[in-house]
$ cat work-v3.cif   # mmCIF, C-alpha atoms and all ligand atoms
data_my_file
loop_
_atom_site.label_atom_id
_atom_site.label_comp_id
_atom_site.auth_asym_id
_atom_site.auth_seq_id
_atom_site.Cartn_x
_atom_site.Cartn_y
_atom_site.Cartn_z
CA MET A 35 92.32 61.48 -99.20
CA THR A 36 95.12 63.41 -97.56
CA LEU A 37 96.52 63.92 -94.10
CA THR A 38 94.84 67.32 -94.17
CA ASP A 39 91.48 65.59 -94.58
CA LEU A 40 92.28 63.44 -91.56
CA LYS A 41 93.39 66.41 -89.50
CA ASN A 42 90.13 68.14 -90.35
CA ALA A 43 88.03 65.13 -89.35
CA ASP A 44 85.92 66.09 -86.35
CA THR A 45 84.25 62.82 -85.46
CA MET A 46 84.80 59.07 -85.50
CA GLY A 47 82.35 59.00 -88.40
CA ASP A 48 84.50 61.46 -90.34
CA VAL A 49 87.55 59.25 -89.80
CA ALA A 50 85.58 56.17 -90.89
CA ALA A 51 84.49 57.93 -94.09
CA ILE A 52 88.11 58.75 -94.92
CA ILE A 53 89.22 55.17 -94.21
CA ARG A 54 86.53 53.81 -96.56
CA GLN A 55 88.03 55.88 -99.39
CA CYS A 56 91.66 55.15 -98.57
CA ARG A 57 94.00 53.61 -101.14
CA ASP A 58 97.22 54.61 -99.44
CA CYS A 59 98.68 51.10 -99.40
CA PRO A 60 98.26 48.10 -101.73
CA LEU A 61 95.56 46.58 -99.52
CA GLY A 62 93.28 49.35 -100.74
CA GLU A 63 93.25 47.68 -104.16
CA SER A 64 92.69 44.09 -103.01
CA ARG A 65 90.03 44.65 -100.36
CA THR A 66 86.29 44.51 -100.87
CA ASN A 67 85.48 46.91 -98.04
CA ALA A 68 87.65 48.83 -95.66
CA VAL A 69 86.71 48.15 -92.03
CA PRO A 70 87.08 51.31 -89.96
CA GLY A 71 85.55 49.90 -86.78
CA ALA A 72 82.23 49.70 -85.00
CA GLY A 73 80.66 50.56 -81.68
CA SER A 74 79.92 53.57 -79.57
CA ASP A 75 81.57 56.90 -80.38
CA GLN A 76 81.36 57.60 -76.65
CA ALA A 77 83.04 54.37 -75.58
CA SER A 78 85.55 54.40 -72.74
CA VAL A 79 86.90 51.03 -73.82
CA LEU A 80 88.63 50.45 -77.17
CA PHE A 81 89.41 46.96 -78.48
CA ILE A 82 92.07 46.69 -81.18
CA GLY A 83 92.60 43.52 -83.18
CA GLU A 84 94.92 42.73 -86.05
CA ALA A 85 93.23 43.10 -89.44
CA PRO A 86 89.91 42.30 -91.12
CA GLY A 87 89.35 38.73 -92.26
CA LEU A 88 87.17 37.37 -95.04
CA LYS A 89 83.76 38.09 -93.51
CA GLU A 90 84.87 41.44 -92.18
CA ASP A 91 86.08 42.36 -95.66
CA GLN A 92 82.76 41.29 -97.15
CA GLN A 93 80.63 43.17 -94.63
CA GLY A 94 82.84 46.13 -93.70
CA VAL A 95 82.35 45.33 -90.01
CA PRO A 96 85.03 44.14 -87.56
CA PHE A 97 84.94 40.78 -85.78
CA VAL A 98 81.95 39.19 -87.51
CA GLY A 99 83.57 35.85 -88.37
CA SER A 100 84.37 32.93 -86.09
CA ALA A 101 86.87 34.98 -84.06
CA GLY A 102 84.14 37.61 -83.72
CA ASN A 103 81.74 35.01 -82.39
CA LEU A 104 84.25 34.04 -79.75
CA LEU A 105 84.83 37.71 -78.94
CA ASN A 106 81.08 38.13 -78.48
CA THR A 107 81.00 35.12 -76.17
CA MET A 108 83.88 36.49 -74.10
CA LEU A 109 82.28 39.93 -73.88
CA ASP A 110 79.03 38.35 -72.81
CA ARG A 111 80.73 36.26 -70.13
CA ALA A 112 82.42 39.42 -68.84
CA GLY A 113 79.10 41.30 -68.79
CA ILE A 114 80.24 43.81 -71.40
CA SER A 115 77.90 45.04 -74.12
CA ARG A 116 79.52 45.15 -77.56
CA GLU A 117 77.42 48.22 -78.38
CA ASN A 118 79.03 50.17 -75.54
CA VAL A 119 82.65 49.64 -76.56
CA PHE A 120 84.45 50.46 -79.79
CA ILE A 121 86.15 47.71 -81.79
CA THR A 122 88.67 48.23 -84.55
CA ASN A 123 91.87 46.76 -85.97
CA THR A 124 95.48 47.81 -86.32
CA ILE A 125 95.04 47.96 -90.09
CA LYS A 126 91.71 48.60 -91.75
CA CYS A 127 91.85 46.43 -94.89
CA ARG A 128 92.15 42.66 -95.27
CA PRO A 129 95.54 41.27 -96.27
CA PRO A 130 95.09 38.70 -99.07
CA ASN A 131 94.45 35.19 -97.73
CA ASN A 132 94.60 36.58 -94.19
CA ARG A 133 98.37 36.76 -94.26
CA ASP A 134 100.12 38.78 -91.58
CA PRO A 135 100.12 42.52 -92.20
CA GLU A 136 103.37 43.80 -93.64
CA GLN A 137 105.25 46.53 -91.84
CA VAL A 138 104.71 49.04 -94.63
CA GLU A 139 100.96 48.44 -94.39
CA ILE A 140 101.00 48.91 -90.63
CA ASP A 141 103.10 52.05 -90.93
CA THR A 142 100.87 53.50 -93.66
CA CYS A 143 97.67 52.74 -91.78
CA LYS A 144 98.69 53.75 -88.26
CA LYS A 145 97.53 57.33 -88.81
CA TYR A 146 93.94 56.11 -88.69
CA LEU A 147 94.25 54.24 -85.42
CA ARG A 148 96.09 57.22 -83.98
CA SER A 149 93.24 59.51 -85.06
CA GLN A 150 90.58 57.16 -83.69
CA ILE A 151 92.32 57.04 -80.31
CA ALA A 152 92.61 60.83 -80.25
CA LYS A 153 88.90 61.25 -81.05
CA LEU A 154 87.65 58.54 -78.71
CA ASN A 155 90.09 59.22 -75.87
CA PRO A 156 89.38 55.83 -74.27
CA LYS A 157 90.22 55.13 -70.64
CA LEU A 158 91.04 51.52 -71.41
CA VAL A 159 92.67 50.10 -74.54
CA VAL A 160 92.44 46.32 -74.91
CA THR A 161 94.89 44.95 -77.46
CA LEU A 162 93.97 41.63 -79.06
CA GLY A 163 96.98 39.72 -80.31
CA ARG A 164 100.57 40.52 -81.07
CA PHE A 165 100.14 43.15 -83.78
CA ALA A 166 98.05 45.46 -81.63
CA LEU A 167 100.42 44.84 -78.72
CA GLU A 168 103.38 45.69 -80.93
CA TYR A 169 101.72 48.97 -81.92
CA PHE A 170 101.91 50.24 -78.34
CA PHE A 171 104.66 48.13 -76.80
CA PRO A 172 107.25 47.14 -79.41
CA GLY A 173 109.22 44.05 -78.55
CA GLU A 174 106.77 42.72 -75.93
CA ARG A 175 105.63 39.12 -76.16
CA ILE A 176 101.92 38.42 -75.78
CA SER A 177 102.61 35.15 -73.98
CA ARG A 178 104.50 37.07 -71.31
CA VAL A 179 102.29 40.14 -70.77
CA HIS A 180 98.72 39.02 -71.50
CA GLY A 181 96.18 39.83 -68.81
CA ALA A 182 98.45 42.31 -67.02
CA PRO A 183 97.16 45.91 -67.17
CA ARG A 184 99.66 48.69 -67.47
CA GLN A 185 99.24 52.43 -67.07
CA LEU A 186 100.56 55.06 -69.47
CA GLY A 187 99.48 58.55 -68.48
CA ASP A 188 95.79 58.50 -67.66
CA ARG A 189 95.12 55.53 -69.92
CA THR A 190 95.21 51.83 -69.05
CA TYR A 191 96.31 49.19 -71.56
CA LEU A 192 95.41 45.54 -71.27
CA PRO A 193 97.10 43.08 -73.66
CA LEU A 194 95.05 39.98 -74.47
CA TYR A 195 95.45 37.08 -76.82
CA HIS A 196 93.57 37.44 -80.09
CA PRO A 197 90.37 35.34 -80.07
CA ALA A 198 91.60 33.62 -83.26
CA ALA A 199 94.52 32.25 -81.24
CA ALA A 200 92.04 30.60 -78.88
CA LEU A 201 90.22 29.11 -81.87
CA HIS A 202 93.42 27.52 -83.10
CA ASN A 203 94.52 26.53 -79.61
CA PRO A 204 91.48 25.66 -77.45
CA GLY A 205 93.79 25.45 -74.44
CA LEU A 206 93.92 29.26 -74.52
CA ARG A 207 90.17 29.68 -74.06
CA ASP A 208 90.22 29.64 -70.28
CA THR A 209 93.15 32.04 -70.28
CA LEU A 210 91.31 34.39 -72.62
CA LEU A 211 88.18 34.28 -70.51
CA GLU A 212 90.14 34.98 -67.35
CA ASP A 213 91.75 37.97 -69.06
CA PHE A 214 88.35 39.22 -70.24
CA LEU A 215 87.11 39.11 -66.68
CA THR A 216 89.98 41.45 -65.85
CA ILE A 217 88.37 44.00 -68.18
CA ALA A 218 85.22 43.98 -66.09
CA LYS A 219 87.26 44.56 -62.96
CA LEU A 220 89.09 47.46 -64.56
CA ILE A 221 85.89 49.05 -65.81
CA ASN A 222 84.17 48.88 -62.47
CA PRO A 223 86.50 48.36 -59.51
CA LEU A 224 83.47 48.17 -57.23
CA SER A 225 82.70 44.82 -58.81
CA VAL A 226 85.91 43.32 -57.44
CA ALA A 227 85.32 41.15 -54.43
CA GLY A 228 87.01 42.62 -51.36
CA GLY A 229 87.09 46.09 -52.89
CA THR A 230 90.39 47.34 -51.43
CA ASP A 231 93.18 45.18 -52.75
CA SER A 232 96.31 46.82 -54.08
CA SER A 233 96.00 45.06 -57.43
CA LYS A 234 93.47 47.71 -58.35
CA SER A 235 96.01 50.50 -58.38
CA ASN A 236 95.84 50.49 -62.19
CA SER A 237 92.07 50.43 -62.27
CA VAL A 238 90.28 52.71 -64.69
CA LYS A 239 88.25 55.35 -62.96
CA PRO A 240 84.85 54.86 -64.60
CA ARG A 241 83.04 57.83 -65.99
CA PRO A 242 79.67 58.13 -64.25
CA LYS A 243 77.78 56.93 -67.31
CA GLN A 244 80.03 53.87 -67.55
CA LEU A 245 78.37 52.53 -64.46
CA ASP A 246 75.17 52.47 -66.50
CA LEU A 247 76.86 50.95 -69.50
CA PHE A 248 78.14 47.86 -67.83
S1 LIG B 1 95.10 49.22 -94.92
FE1 LIG B 1 94.93 51.32 -94.14
S2 LIG B 1 96.42 52.50 -95.34
FE2 LIG B 1 96.06 50.57 -96.45
S3 LIG B 1 94.41 51.10 -97.91
FE3 LIG B 1 93.44 50.24 -96.07
S4 LIG B 1 92.90 52.05 -94.83
FE4 LIG B 1 94.42 52.70 -96.36
#
$ encode --input "work-v3.cif" --output "structure tokens" --more "lines below"
Ligand code: SF4
Amino acid sequence: MTLTDLKNADTMGDVAAIIRQCRDCPLGESRTNAVPGAGSDQASVLFIGEAPGLKEDQQGVPFVGSAGNLLNTMLDRAGISRENVFITNTIKCRPPNNRDPEQVEIDTCKKYLRSQIAKLNPKLVVTLGRFALEYFFPGERISRVHGAPRQLGDRTYLPLYHPAAALHNPGLRDTLLEDFLTIAKLINPLSVAGGTDSSKSNSVKPRPKQLDLF
């Protein structure tokens, strides 16, 4: 697959097909399945994690292991349907033994995330963990910026802890849930009690159909 193939991709499905064939970095040789992402091609909200883990590698689907179960719980608590958002990772193939992605792997793979964002054009990007945060905001620390939305152009970014971090440190669960509830407020400002506070200045203006989605 070449960059020309990617440039000619018209849809999220086209990009996913290219990712599944990709061998552009060494992870292409060690993976079982590439994991392009899953969800609605019309989603206004994009979640970006770190990298596939063991179960994701086996199934070719993102967030299906224990961290995925916690993600599902958090989405449910926030009243967000997983089918109506799109979920992917910073890199699309599992690093051996779930080690951290290497910079060359991130750099080689970033063309796919860039293409997915261009195709989806989400109003809200939720980064899960430090690698996705680093992709957009190099040098930021997740412990300092989590839960605080920021606006770049007409897109809102919300950095969150990765659900796996809350599995390893149960003390982060309440923090993660609180930050997930912020997503619901950003998606539908009308759901915020009071309705006129200045903290909503970064709120995402929902597309009309989003009101049906959530
Ligand atoms: S991690 Fe990305 S660049 Fe590397 S083989 Fe997988 S899809 Fe290709």
$ residues_around --input "work-v3.cif" --residues "Pro60 in chain A" --least-positions-apart "3" --cutoff "10 Å" --atoms "all atoms listed in the file" --output "list in words"
Arg57, Glu63, Ser64, Arg65, Cys127, Pro129, Val138 and Glu139 of chain A
$ write_last_selection --input "work-v3.cif" --atoms "C-alpha atoms" --output "PDB file, keeping the file's coordinate frame"
ATOM      1  CA  ARG A  57      94.000  53.610-101.140  1.00  0.00           C
ATOM      2  CA  GLU A  63      93.250  47.680-104.160  1.00  0.00           C
ATOM      3  CA  SER A  64      92.690  44.090-103.010  1.00  0.00           C
ATOM      4  CA  ARG A  65      90.030  44.650-100.360  1.00  0.00           C
ATOM      5  CA  CYS A 127      91.850  46.430 -94.890  1.00  0.00           C
ATOM      6  CA  PRO A 129      95.540  41.270 -96.270  1.00  0.00           C
ATOM      7  CA  VAL A 138     104.710  49.040 -94.630  1.00  0.00           C
ATOM      8  CA  GLU A 139     100.960  48.440 -94.390  1.00  0.00           C
TER       9      GLU A 139
END
$ closest_residue --input "work-v3.cif" --among "A:Val49, A:Leu109, A:Ala182, A:Leu80" --to "ligand LIG 1 (chain B)" --atoms "all atoms listed in the file"
A:Val49
$ axis_aligned_box --input "work-v3.cif" --around "ligand LIG 1 (chain B)" --padding-each-side "4 Å" --output "JSON"
{"center_x": 94.7, "center_y": 51.0, "center_z": -96.0, "size_x": 11.5, "size_y": 11.5, "size_z": 11.8}
$ residues_near_ligand --input "work-v3.cif" --ligand "ligand LIG 1 (chain B)" --cutoff "6 Å" --atoms "all atoms listed in the file" --output "NGL selection string"
:A and (53 or 56-59 or 61-62 or 68 or 125-127 or 139 or 142-143)
$ closest_residue --input "work-v3.cif" --among "A:Asp188, A:Asp134, A:Asp141, A:Asp91" --to "Leu158 in chain A" --atoms "all atoms listed in the file"
A:Asp188
$ residues_around --input "work-v3.cif" --residues "Gly71 in chain A" --least-positions-apart "4" --cutoff "6 Å" --atoms "only C-alpha atoms" --output "PDB file with C-alpha atoms, keeping the file's coordinate frame"
ATOM      1  CA  PRO A  96      85.030  44.140 -87.560  1.00  0.00           C
ATOM      2  CA  ILE A 121      86.150  47.710 -81.790  1.00  0.00           C
ATOM      3  CA  THR A 122      88.670  48.230 -84.550  1.00  0.00           C
TER       4      THR A 122
END
$ closest_residue --input "work-v3.cif" --among "A:Ala152, A:Leu162, A:Ile140, A:Val79" --to "Lys41 in chain A" --atoms "only C-alpha atoms"
A:Ala152
$ closest_residue --input "work-v3.cif" --among "A:Ser100, A:Ser177, A:Ser78, A:Gln150" --to "Ile114 in chain A" --atoms "all atoms listed in the file"
A:Ser78
$ atom_distance --input "work-v3.cif" --atom1 "CA of Lys219 in chain A" --atom2 "CA of Leu105 in chain A"
17.6 Å
$ residues_around --input "work-v3.cif" --residues "Arg54 in chain A" --least-positions-apart "5" --cutoff "8 Å" --atoms "only C-alpha atoms" --output "number ranges by chain"
A: 67-70
$ closest_residue --input "work-v3.cif" --among "A:Pro156, A:Gly113, A:Gly73, A:Pro204" --to "Thr190 in chain A" --atoms "all atoms listed in the file"
A:Pro156
$ residues_around --input "work-v3.cif" --residues "Glu84 in chain A" --least-positions-apart "5" --cutoff "8 Å" --atoms "only C-alpha atoms" --output "compact mmCIF listing (two decimals) with C-alpha atoms, keeping the file's coordinate frame"
# COMPACT_ATOMS: atom_id res chain seq x y z
CA ASN A 123 91.87 46.76 -85.97
CA THR A 124 95.48 47.81 -86.32
CA ILE A 125 95.04 47.96 -90.09
CA LEU A 162 93.97 41.63 -79.06
CA GLY A 163 96.98 39.72 -80.31
CA ARG A 164 100.57 40.52 -81.07
CA PHE A 165 100.14 43.15 -83.78
CA ALA A 166 98.05 45.46 -81.63
$ decode --input "work-v3.cif" --residues "range 39-174 of chain A" --atoms "C-alpha atoms" --output "tab-separated table (two decimals), in the first residue's frame"
chain	number	residue	atom	x	y	z
A	39	ASP	CA	-3.64	4.61	-2.12
A	40	LEU	CA	-4.37	6.48	1.10
A	41	LYS	CA	-4.87	9.76	-0.71
A	42	ASN	CA	-7.33	8.04	-3.03
A	43	ALA	CA	-9.29	6.52	-0.15
A	44	ASP	CA	-12.77	8.01	-0.16
A	45	THR	CA	-14.29	6.53	2.97
A	46	MET	CA	-13.41	5.36	6.46
A	47	GLY	CA	-13.88	1.84	5.12
A	48	ASP	CA	-11.31	2.47	2.40
A	49	VAL	CA	-8.81	3.66	5.01
A	50	ALA	CA	-9.54	0.60	7.17
A	51	ALA	CA	-8.91	-1.71	4.22
A	52	ILE	CA	-5.53	-0.08	3.60
A	53	ILE	CA	-4.60	-0.33	7.29
A	54	ARG	CA	-5.43	-4.06	7.31
A	55	GLN	CA	-2.88	-4.59	4.53
A	56	CYS	CA	-0.21	-2.31	5.96
A	57	ARG	CA	3.30	-3.58	6.69
A	58	ASP	CA	4.96	-0.19	6.82
A	59	CYS	CA	6.54	-0.73	10.25
A	60	PRO	CA	7.77	-3.86	12.06
A	61	LEU	CA	4.50	-4.22	13.95
A	62	GLY	CA	2.94	-5.31	10.67
A	63	GLU	CA	4.95	-8.53	10.90
A	64	SER	CA	4.25	-9.35	14.55
A	65	ARG	CA	0.53	-8.56	14.71
A	66	THR	CA	-2.30	-11.00	14.18
A	67	ASN	CA	-4.76	-8.38	12.95
A	68	ALA	CA	-4.44	-4.69	12.36
A	69	VAL	CA	-7.11	-2.73	14.24
A	70	PRO	CA	-8.26	0.25	12.17
A	71	GLY	CA	-11.10	1.28	14.48
A	72	ALA	CA	-14.81	0.76	14.92
A	73	GLY	CA	-18.00	2.74	15.19
A	74	SER	CA	-20.09	5.09	13.14
A	75	ASP	CA	-18.63	6.64	9.99
A	76	GLN	CA	-20.90	9.61	10.73
A	77	ALA	CA	-19.72	10.07	14.31
A	78	SER	CA	-19.15	13.56	15.67
A	79	VAL	CA	-17.08	12.18	18.52
A	80	LEU	CA	-13.77	10.37	17.99
A	81	PHE	CA	-12.03	8.45	20.80
A	82	ILE	CA	-8.33	7.75	20.36
A	83	GLY	CA	-6.46	5.31	22.57
A	84	GLU	CA	-2.89	4.09	22.51
A	85	ALA	CA	-2.51	0.77	20.67
A	86	PRO	CA	-4.29	-2.57	20.35
A	87	GLY	CA	-3.76	-5.10	23.12
A	88	LEU	CA	-3.93	-8.88	23.04
A	89	LYS	CA	-7.68	-9.28	22.53
A	90	GLU	CA	-7.84	-6.40	20.10
A	91	ASP	CA	-5.05	-8.02	18.10
A	92	GLN	CA	-6.90	-11.33	18.10
A	93	GLN	CA	-10.25	-9.85	17.06
A	94	GLY	CA	-9.22	-6.83	14.98
A	95	VAL	CA	-11.53	-4.62	17.04
A	96	PRO	CA	-10.49	-1.80	19.40
A	97	PHE	CA	-11.15	-1.80	23.14
A	98	VAL	CA	-12.55	-5.32	23.57
A	99	GLY	CA	-10.37	-6.37	26.51
A	100	SER	CA	-10.62	-5.35	30.15
A	101	ALA	CA	-9.85	-1.70	29.35
A	102	GLY	CA	-12.59	-1.89	26.73
A	103	ASN	CA	-15.03	-3.18	29.31
A	104	LEU	CA	-14.25	-0.22	31.52
A	105	LEU	CA	-14.60	2.11	28.53
A	106	ASN	CA	-18.03	0.61	27.86
A	107	THR	CA	-19.01	1.15	31.48
A	108	MET	CA	-17.88	4.77	31.37
A	109	LEU	CA	-19.70	5.40	28.09
A	110	ASP	CA	-22.82	3.85	29.54
A	111	ARG	CA	-22.62	5.98	32.69
A	112	ALA	CA	-22.25	9.07	30.49
A	113	GLY	CA	-25.25	8.05	28.36
A	114	ILE	CA	-23.16	7.67	25.22
A	115	SER	CA	-23.78	4.84	22.77
A	116	ARG	CA	-20.59	3.16	21.57
A	117	GLU	CA	-22.24	2.59	18.18
A	118	ASN	CA	-22.63	6.34	17.66
A	119	VAL	CA	-19.01	7.31	18.22
A	120	PHE	CA	-15.84	6.16	16.47
A	121	ILE	CA	-13.06	4.51	18.45
A	122	THR	CA	-9.51	3.98	17.24
A	123	ASN	CA	-5.92	4.06	18.45
A	124	THR	CA	-2.83	6.14	17.81
A	125	ILE	CA	-1.18	3.12	16.19
A	126	LYS	CA	-3.13	0.33	14.56
A	127	CYS	CA	-1.09	-2.79	15.38
A	128	ARG	CA	-0.22	-4.36	18.73
A	129	PRO	CA	3.30	-3.83	20.05
A	130	PRO	CA	4.71	-7.16	21.29
A	131	ASN	CA	3.83	-7.84	24.94
A	132	ASN	CA	1.90	-4.57	25.02
A	133	ARG	CA	5.06	-2.53	25.30
A	134	ASP	CA	4.86	1.20	24.68
A	135	PRO	CA	4.80	2.17	21.02
A	136	GLU	CA	8.15	3.32	19.70
A	137	GLN	CA	8.45	6.73	18.12
A	138	VAL	CA	9.23	5.30	14.69
A	139	GLU	CA	6.04	3.24	14.87
A	140	ILE	CA	3.99	6.27	15.86
A	141	ASP	CA	5.56	8.37	13.14
A	142	THR	CA	5.02	5.69	10.49
A	143	CYS	CA	1.41	5.09	11.49
A	144	LYS	CA	0.25	8.67	12.03
A	145	LYS	CA	-0.80	9.01	8.39
A	146	TYR	CA	-3.73	6.71	9.11
A	147	LEU	CA	-5.04	8.62	12.10
A	148	ARG	CA	-4.60	11.84	10.14
A	149	SER	CA	-6.64	10.37	7.28
A	150	GLN	CA	-9.35	9.08	9.62
A	151	ILE	CA	-9.71	12.50	11.22
A	152	ALA	CA	-9.91	14.16	7.81
A	153	LYS	CA	-12.63	11.73	6.66
A	154	LEU	CA	-14.64	11.79	9.87
A	155	ASN	CA	-14.20	15.49	10.63
A	156	PRO	CA	-15.29	15.01	14.26
A	157	LYS	CA	-16.46	17.93	16.37
A	158	LEU	CA	-14.98	16.40	19.50
A	159	VAL	CA	-11.77	14.37	19.82
A	160	VAL	CA	-11.35	12.52	23.12
A	161	THR	CA	-7.79	11.39	23.71
A	162	LEU	CA	-7.33	8.42	26.04
A	163	GLY	CA	-3.94	8.36	27.70
A	164	ARG	CA	-0.62	10.01	27.12
A	165	PHE	CA	0.20	8.75	23.63
A	166	ALA	CA	-2.95	10.14	22.07
A	167	LEU	CA	-2.48	13.36	24.03
A	168	GLU	CA	1.10	13.61	22.79
A	169	TYR	CA	-0.11	13.24	19.20
A	170	PHE	CA	-2.03	16.52	19.42
A	171	PHE	CA	-0.32	18.34	22.28
A	172	PRO	CA	3.35	17.38	22.51
A	173	GLY	CA	4.87	17.89	25.93
A	174	GLU	CA	1.55	18.04	27.83
